[in-house]
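Trainee: Dropping in structure-v7.txt, with compact mmCIF, N, CA, C and O atoms.
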```
# COMPACT_ATOMS: atom_id res chain seq x y z
N MET K 1 7.63 -37.17 10.61
CA MET K 1 6.68 -36.21 11.12
C MET K 1 7.36 -34.85 11.36
O MET K 1 6.80 -33.84 10.99
N ALA K 2 8.53 -34.84 11.96
CA ALA K 2 9.21 -33.58 12.21
C ALA K 2 9.60 -32.89 10.90
O ALA K 2 9.52 -31.66 10.80
N THR K 3 9.98 -33.68 9.91
CA THR K 3 10.34 -33.11 8.61
C THR K 3 9.12 -32.45 7.96
O THR K 3 9.23 -31.37 7.40
N GLU K 4 7.97 -33.11 8.06
CA GLU K 4 6.74 -32.55 7.49
C GLU K 4 6.36 -31.26 8.20
O GLU K 4 5.92 -30.30 7.58
N LEU K 5 6.54 -31.25 9.52
CA LEU K 5 6.22 -30.07 10.30
C LEU K 5 7.13 -28.91 9.90
O LEU K 5 6.68 -27.78 9.71
N ARG K 6 8.44 -29.19 9.78
CA ARG K 6 9.37 -28.16 9.36
C ARG K 6 9.02 -27.62 7.98
O ARG K 6 9.08 -26.40 7.73
N LYS K 7 8.66 -28.51 7.09
CA LYS K 7 8.30 -28.11 5.73
C LYS K 7 7.03 -27.24 5.75
O LYS K 7 6.96 -26.22 5.07
N ALA K 8 6.06 -27.63 6.56
CA ALA K 8 4.82 -26.85 6.67
C ALA K 8 5.09 -25.47 7.27
O ALA K 8 4.54 -24.46 6.81
N LEU K 9 5.95 -25.42 8.28
CA LEU K 9 6.28 -24.13 8.89
C LEU K 9 7.05 -23.24 7.92
O LEU K 9 6.84 -22.03 7.88
N ALA K 10 7.94 -23.83 7.15
CA ALA K 10 8.69 -23.05 6.16
C ALA K 10 7.75 -22.48 5.10
O ALA K 10 7.89 -21.32 4.69
N THR K 11 6.79 -23.28 4.68
CA THR K 11 5.81 -22.81 3.70
C THR K 11 4.97 -21.69 4.29
O THR K 11 4.73 -20.67 3.63
N GLU K 12 4.53 -21.88 5.53
CA GLU K 12 3.73 -20.85 6.21
C GLU K 12 4.53 -19.55 6.35
O GLU K 12 4.01 -18.46 6.11
N LYS K 13 5.79 -19.67 6.70
CA LYS K 13 6.64 -18.49 6.87
C LYS K 13 6.81 -17.77 5.53
O LYS K 13 6.75 -16.54 5.47
N ALA K 14 7.00 -18.51 4.46
CA ALA K 14 7.15 -17.91 3.14
C ALA K 14 5.86 -17.20 2.72
O ALA K 14 5.91 -16.10 2.15
N ASP K 15 4.73 -17.82 3.02
CA ASP K 15 3.44 -17.19 2.69
C ASP K 15 3.25 -15.90 3.47
O ASP K 15 2.80 -14.89 2.91
N ARG K 16 3.57 -15.94 4.74
CA ARG K 16 3.45 -14.73 5.58
C ARG K 16 4.37 -13.62 5.08
O ARG K 16 3.99 -12.46 5.04
N ARG K 17 5.59 -13.99 4.72
CA ARG K 17 6.56 -13.01 4.23
C ARG K 17 6.03 -12.34 2.96
O ARG K 17 6.13 -11.14 2.79
N LYS K 18 5.42 -13.14 2.08
CA LYS K 18 4.86 -12.61 0.84
C LYS K 18 3.73 -11.63 1.15
O LYS K 18 3.65 -10.55 0.57
N GLU K 19 2.85 -12.00 2.09
CA GLU K 19 1.75 -11.12 2.48
C GLU K 19 2.27 -9.81 3.07
O GLU K 19 1.76 -8.73 2.77
N VAL K 20 3.28 -9.91 3.92
CA VAL K 20 3.85 -8.71 4.55
C VAL K 20 4.50 -7.82 3.49
O VAL K 20 4.34 -6.59 3.52
N ASP K 21 5.20 -8.42 2.55
CA ASP K 21 5.83 -7.63 1.49
C ASP K 21 4.78 -6.92 0.63
O ASP K 21 4.95 -5.74 0.28
N GLU K 22 3.69 -7.61 0.31
CA GLU K 22 2.62 -7.00 -0.48
C GLU K 22 1.96 -5.86 0.29
O GLU K 22 1.67 -4.80 -0.27
N GLU K 23 1.72 -6.07 1.59
CA GLU K 23 1.12 -5.02 2.40
C GLU K 23 2.06 -3.82 2.50
O GLU K 23 1.61 -2.67 2.43
N HIS K 24 3.34 -4.07 2.63
CA HIS K 24 4.32 -2.99 2.71
C HIS K 24 4.30 -2.16 1.42
O HIS K 24 4.31 -0.93 1.46
N THR K 25 4.24 -2.83 0.29
CA THR K 25 4.18 -2.13 -1.00
C THR K 25 2.92 -1.29 -1.09
O THR K 25 2.97 -0.11 -1.51
N GLN K 26 1.78 -1.84 -0.69
CA GLN K 26 0.52 -1.10 -0.73
C GLN K 26 0.56 0.12 0.20
O GLN K 26 0.06 1.19 -0.14
N ARG K 27 1.16 -0.05 1.36
CA ARG K 27 1.26 1.09 2.30
C ARG K 27 2.13 2.20 1.73
O ARG K 27 1.82 3.38 1.88
N LYS K 28 3.22 1.83 1.06
CA LYS K 28 4.08 2.84 0.44
C LYS K 28 3.32 3.59 -0.66
O LYS K 28 3.40 4.81 -0.76
N LEU K 29 2.57 2.85 -1.47
CA LEU K 29 1.80 3.49 -2.54
C LEU K 29 0.71 4.38 -1.98
O LEU K 29 0.45 5.47 -2.49
N LEU K 30 0.04 3.93 -0.93
CA LEU K 30 -1.01 4.73 -0.31
C LEU K 30 -0.43 6.01 0.30
O LEU K 30 -1.00 7.09 0.16
N THR K 31 0.71 5.89 0.95
CA THR K 31 1.37 7.06 1.52
C THR K 31 1.72 8.06 0.42
O THR K 31 1.51 9.26 0.56
N ARG K 32 2.24 7.55 -0.70
CA ARG K 32 2.58 8.42 -1.82
C ARG K 32 1.34 9.12 -2.35
O ARG K 32 1.36 10.32 -2.67
N ALA K 33 0.22 8.40 -2.44
CA ALA K 33 -1.02 9.00 -2.93
C ALA K 33 -1.49 10.12 -1.99
O ALA K 33 -1.91 11.19 -2.45
N TYR K 34 -1.43 9.87 -0.69
CA TYR K 34 -1.82 10.91 0.28
C TYR K 34 -0.91 12.13 0.18
O TYR K 34 -1.37 13.26 0.22
N LEU K 35 0.40 11.90 0.06
CA LEU K 35 1.33 13.02 -0.05
C LEU K 35 1.09 13.82 -1.33
O LEU K 35 1.14 15.05 -1.31
N ASP K 36 0.82 13.14 -2.43
CA ASP K 36 0.53 13.84 -3.69
C ASP K 36 -0.74 14.69 -3.55
O ASP K 36 -0.78 15.84 -3.99
N LEU K 37 -1.76 14.11 -2.92
CA LEU K 37 -3.01 14.84 -2.72
C LEU K 37 -2.81 16.04 -1.79
O LEU K 37 -3.34 17.12 -2.03
N TRP K 38 -2.02 15.85 -0.76
CA TRP K 38 -1.75 16.94 0.18
C TRP K 38 -0.99 18.07 -0.52
O TRP K 38 -1.31 19.25 -0.36
N GLN K 39 0.04 17.73 -1.30
CA GLN K 39 0.80 18.75 -2.02
C GLN K 39 -0.09 19.49 -3.02
O GLN K 39 0.01 20.70 -3.18
N TRP K 40 -0.99 18.76 -3.67
CA TRP K 40 -1.92 19.38 -4.60
C TRP K 40 -2.83 20.35 -3.85
O TRP K 40 -3.08 21.46 -4.31
N ALA K 41 -3.33 19.94 -2.68
CA ALA K 41 -4.23 20.78 -1.89
C ALA K 41 -3.52 22.03 -1.39
O ALA K 41 -4.13 23.10 -1.28
N GLU K 42 -2.22 21.93 -1.09
CA GLU K 42 -1.48 23.11 -0.65
C GLU K 42 -1.27 24.11 -1.80
O GLU K 42 -1.22 25.32 -1.57
N ARG K 43 -1.14 23.61 -3.01
CA ARG K 43 -0.95 24.50 -4.17
C ARG K 43 -2.23 25.22 -4.52
O ARG K 43 -2.20 26.32 -5.06
N VAL K 44 -3.34 24.60 -4.24
CA VAL K 44 -4.64 25.15 -4.60
C VAL K 44 -5.20 25.90 -3.41
O VAL K 44 -5.37 25.33 -2.34
N GLY K 45 -5.47 27.17 -3.59
CA GLY K 45 -6.04 27.96 -2.51
C GLY K 45 -7.56 27.86 -2.51
O GLY K 45 -8.15 27.29 -3.43
N PRO K 46 -8.22 28.45 -1.50
CA PRO K 46 -9.67 28.39 -1.45
C PRO K 46 -10.34 29.16 -2.59
O PRO K 46 -11.45 28.86 -2.99
N ASP K 47 -9.66 30.18 -3.15
CA ASP K 47 -10.27 30.97 -4.24
C ASP K 47 -9.73 30.57 -5.61
O ASP K 47 -10.09 31.16 -6.60
N THR K 48 -8.82 29.65 -5.67
CA THR K 48 -8.19 29.27 -6.94
C THR K 48 -8.92 28.09 -7.56
O THR K 48 -9.36 27.19 -6.85
N PRO K 49 -9.02 28.07 -8.87
CA PRO K 49 -9.59 26.87 -9.48
C PRO K 49 -8.71 25.67 -9.20
O PRO K 49 -7.49 25.73 -9.34
N ALA K 50 -9.30 24.61 -8.80
CA ALA K 50 -8.53 23.46 -8.33
C ALA K 50 -7.83 22.71 -9.45
O ALA K 50 -6.72 22.27 -9.30
N GLY K 51 -8.49 22.53 -10.54
CA GLY K 51 -7.91 21.66 -11.56
C GLY K 51 -8.09 20.22 -11.11
O GLY K 51 -8.61 19.94 -10.04
N PRO K 52 -7.66 19.30 -11.92
CA PRO K 52 -7.87 17.90 -11.56
C PRO K 52 -6.96 17.46 -10.40
O PRO K 52 -5.81 17.88 -10.32
N ALA K 53 -7.50 16.64 -9.55
CA ALA K 53 -6.70 16.08 -8.45
C ALA K 53 -5.73 15.05 -9.04
O ALA K 53 -6.00 14.47 -10.10
N PRO K 54 -4.61 14.82 -8.37
CA PRO K 54 -3.65 13.84 -8.89
C PRO K 54 -4.22 12.43 -8.88
O PRO K 54 -5.00 12.07 -8.00
N GLU K 55 -3.83 11.66 -9.85
CA GLU K 55 -4.26 10.26 -9.93
C GLU K 55 -3.49 9.43 -8.91
O GLU K 55 -2.33 9.71 -8.63
N PRO K 56 -4.11 8.39 -8.36
CA PRO K 56 -3.38 7.51 -7.44
C PRO K 56 -2.32 6.71 -8.19
O PRO K 56 -2.41 6.55 -9.42
N PRO K 57 -1.31 6.21 -7.50
CA PRO K 57 -0.28 5.41 -8.15
C PRO K 57 -0.88 4.20 -8.86
O PRO K 57 -1.92 3.67 -8.44
N VAL K 58 -0.22 3.76 -9.89
CA VAL K 58 -0.74 2.68 -10.73
C VAL K 58 -0.93 1.38 -9.96
O VAL K 58 -1.94 0.71 -10.10
N GLY K 59 0.00 1.01 -9.10
CA GLY K 59 -0.06 -0.28 -8.43
C GLY K 59 -0.93 -0.30 -7.18
O GLY K 59 -1.07 -1.34 -6.55
N LEU K 60 -1.52 0.83 -6.81
CA LEU K 60 -2.31 0.90 -5.58
C LEU K 60 -3.61 0.13 -5.74
O LEU K 60 -4.35 0.33 -6.69
N ASP K 61 -3.90 -0.74 -4.80
CA ASP K 61 -5.14 -1.52 -4.80
C ASP K 61 -6.13 -0.84 -3.86
O ASP K 61 -6.00 -0.95 -2.64
N PRO K 62 -7.12 -0.12 -4.38
CA PRO K 62 -8.04 0.63 -3.51
C PRO K 62 -9.15 -0.22 -2.89
O PRO K 62 -9.91 0.28 -2.09
N SER K 63 -9.24 -1.49 -3.22
CA SER K 63 -10.35 -2.31 -2.74
C SER K 63 -10.48 -2.39 -1.21
O SER K 63 -11.59 -2.42 -0.72
N PRO K 64 -9.39 -2.40 -0.43
CA PRO K 64 -9.59 -2.45 1.04
C PRO K 64 -10.22 -1.18 1.60
O PRO K 64 -10.74 -1.20 2.69
N TRP K 65 -10.19 -0.06 0.86
CA TRP K 65 -10.68 1.21 1.38
C TRP K 65 -12.02 1.60 0.79
O TRP K 65 -12.50 2.68 1.00
N ARG K 66 -12.64 0.70 0.03
CA ARG K 66 -13.96 1.03 -0.55
C ARG K 66 -15.03 0.31 0.19
O ARG K 66 -14.90 -0.68 0.78
```
Show the structure stored in the file as structure tokens.

Mentor:
Amino acid sequence: MATELRKALATEKADRRKEVDEEHTQRKLLTRAYLDLWQWAERVGPDTPAGPAPEPPVGLDPSPWR
């Protein structure tokens, strides 16, 4: 019983670690997207033609924010 419990806890810990790592990656990509957008907005003045906004990073998953 104790061995099964340890095994279950180890599996749970590995799953949590994977989730945390994925969330960390998404947060880094989201931060990069915001910084790119902010830098683009600073380059473009109120009277200047904006041009296209920067594209979000390739690996960013936008589904949680829609």

Trainee: Rounded to one decimal, what separation in Å do you get between CA of Val58 in chain K and CA of Leu29 in chain K?

Mentor: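 That distance, rounded to one decimal, is 8.6 Å.
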
Trainee: Between atom N of Gln26 in chain K and CA of Gln39 in chain K, measure the distance and give it in Å to one decimal.

Mentor: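 Computing it gives 20.7 Å between the two atoms.
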
Trainee: Hey, can you check how far CA of Pro64 in chain K sits from CA of Glu42 in chain K?

Mentor: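 According to the coordinates, CA of Pro64 in chain K and CA of Glu42 in chain K are separated by 26.9 Å.
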
Trainee: Please provide as JSON, numbers by chain all residues within 9 Å of Glu55 in chain K, with the sequence filter that same-chain residues fewer than 6 positions apart are discarded (counting only C-alpha atoms).

Mentor: {"K": [33, 36, 37]}

Trainee: Using only N, CA, C and O atoms, please write the residues we just selected to a file, as an mmCIF file, keeping the file's coordinate frame.

Mentor:
```
data_model
loop_
_atom_site.group_PDB
_atom_site.id
_atom_site.type_symbol
_atom_site.label_atom_id
_atom_site.label_comp_id
_atom_site.auth_asym_id
_atom_site.auth_seq_id
_atom_site.Cartn_x
_atom_site.Cartn_y
_atom_site.Cartn_z
ATOM 1 N N ALA K 33 0.220 8.400 -2.440
ATOM 2 C CA ALA K 33 -1.020 9.000 -2.930
ATOM 3 C C ALA K 33 -1.490 10.120 -1.990
ATOM 4 O O ALA K 33 -1.910 11.190 -2.450
ATOM 5 N N ASP K 36 0.820 13.140 -2.430
ATOM 6 C CA ASP K 36 0.530 13.840 -3.690
ATOM 7 C C ASP K 36 -0.740 14.690 -3.550
ATOM 8 O O ASP K 36 -0.780 15.840 -3.990
ATOM 9 N N LEU K 37 -1.760 14.110 -2.920
ATOM 10 C CA LEU K 37 -3.010 14.840 -2.720
ATOM 11 C C LEU K 37 -2.810 16.040 -1.790
ATOM 12 O O LEU K 37 -3.340 17.120 -2.030
#
```

Trainee: How big is the axis-aligned box, and where does its centre sit, when it encloses all atoms of range 19-31 of chain K listed in the file and has 8 Å added on every side, reported in Å to one decimal as JSON?

Mentor:
```
{"center_x": 2.4, "center_y": -1.4, "center_z": 1.0, "size_x": 22.8, "size_y": 37.3, "size_z": 23.1}
```

Trainee: Which parts of chain K does DSSP call alpha helix (DSSP H) when run on the backbone here, written out as JSON, numbers by chain?

Mentor: {"K": [2, 3, 4, 5, 6, 7, 8, 9, 10, 11, 12, 13, 14, 15, 16, 17, 18, 19, 20, 21, 22, 23, 24, 25, 26, 27, 28, 29, 30, 31, 32, 33, 34, 35, 36, 37, 38, 39, 40, 41, 42, 43]}
